[in-house]
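Worksheet for the structure shown next.
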Amino acid sequence: MHYRELGRTGWKVSAISFGAWAIGGTWGAVKDQESLAALHHALDMGVNFFDTADVYGDGHSEQLLARLRRERSEPFYIATKAGRRLDPHTAEGYNRVNLTAFIERSLKNLEVEALDLLQLHCPPPAVYYMPEVFGVLDDLQQAGKLRHYGVSVEKVEEALKAIEYPNVQSVQIIFNIFRQRPRDLFFAEAQRRGVGILARLPLSSGMLTGKLTRNSQFESDDHRLFNRQGEAFDRGETFSGVDYEVGLQAVEALRPLTPTGMSMTQMALRWILMFPAVTCAIPGAKRPEQVEENALAADSPALPESVMTTIDALYHRQIRPLVHHYW
């Protein structure tokens, strides 16, 4: 495993980390025993950074990570998120009372006195223009409830606005072969300001594993079935906003580029790590074998320039017109 510095925290986090959305819910059936086995195997593979949220399984994902911490002695970092418990999910809801309550709940779920990293969970765009929200986070940090804070965003514009606030340490943003806009401007600005970048949905909801087909079946509680047009939340969260059939076609064009000795999953993750601005990719996993495949991408050799160039050409030809200017 390789490690990269996260913002100005002084932490060195695993280049391939662990996204805990899948073990919480909205990704089909999951069993706690298998989820815990996956979490333990992540530590065995050198993963030391886990990303979760208070709405993943209504806190269940956080509780599983608390159990992992009880069962293991080695130190690791847990990032969680707050805000999506609001109903309705409005900018006005990001106030001192609600944020404090959300954070207290996560502290209880995670069984800690201070959150390692708290991230605003894809708030409405107006929140980024409300300095009082970030003032509340500053106060909670001063009070010892948070060690650090950052944001998870939908759009590049939100990321650029967020990092104007001096204590934002990290930005979690969708970045993968199908969602390349962050590299245009945001990466350089984040590096200039010393802000860490967490690449979320690095495998485009599983599309970039190369394992999905036209006949793949998704369970009723899997967002890949019910959110393709943004019925439940931003459609960019599901297959990166790319039409399912178009995604399958692009994957077939990518498949021959996979270097010998690497899986397509590993190529997609290694592509992300080719960008020094990225602190880590946070692929999800529900089983130990998925964790292992993901983690090994960190030790894979750099992708050849010819592969990078061909991927760029494919993106510009088949994917860019569908997603680039939306997010």
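By convention in this document, the chains of the structure tokens carry letters A, B, ... by their order, each chain's residues are numbered from 1, and ligands are numbered from 1 in the order they are shown.
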
Practice task
Taking the chain letters and numbering used in this document, name the residues of segment 141-268 of chain A that DSSP puts in strand (DSSP E), as a PyMOL selection string.
Solution key: chain A and resi 146-152+168-174+196-200

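Near segment 246-254 of chain A, within 7 Å and counting only C-alpha atoms, sit Met207, Leu208, Gly210, Thr213 and Val242 of chain A; same-chain residues fewer than 4 positions away were not included.
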
Kindly assemble as JSON lines a list of the segment 151-220 of chain A residues that lie within 8 Å of segment 104-121 of chain A, each paired with its nearest atom pair and their distance in Å to one decimal, using only C-alpha atoms, sorted first by chain and then by ascending residue number.
```
{"residue": "A:Val151", "atom": "CA", "partner": "A:Gln119", "partner_atom": "CA", "distance": 4.4}
{"residue": "A:Ser152", "atom": "CA", "partner": "A:His121", "partner_atom": "CA", "distance": 5.3}
{"residue": "A:Val153", "atom": "CA", "partner": "A:His121", "partner_atom": "CA", "distance": 7.2}
```

Problem - Selection: 10 Å around Asp58 of chain A, only C-alpha atoms, excl. self and same-chain fewer than 3 positions, as a count of residues only - result: 9

Practice task
Choose the residue, out of A:Val127, A:Ile177, A:Ile16, A:Ala302, that has the smallest atom-to-atom separation from His316 of chain A; count only C-alpha atoms.
Solution key: A:Ile177

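Comparing the minimum interatomic distances between Leu212 of chain A and each of A:Phe239, A:Phe233, A:Tyr94, A:Phe226, counting only C-alpha atoms, we find that A:Phe239 sits nearest.
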
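Residues in contact range of Arg72 of chain A, defined as at most 12 Å between only C-alpha atoms, with sequence neighbours fewer than 5 positions away removed, read Leu36, Leu39, His40, His41, Ala42, Leu43, Asp44, Asn48, Leu65, Ala66 and Arg67 of chain A.
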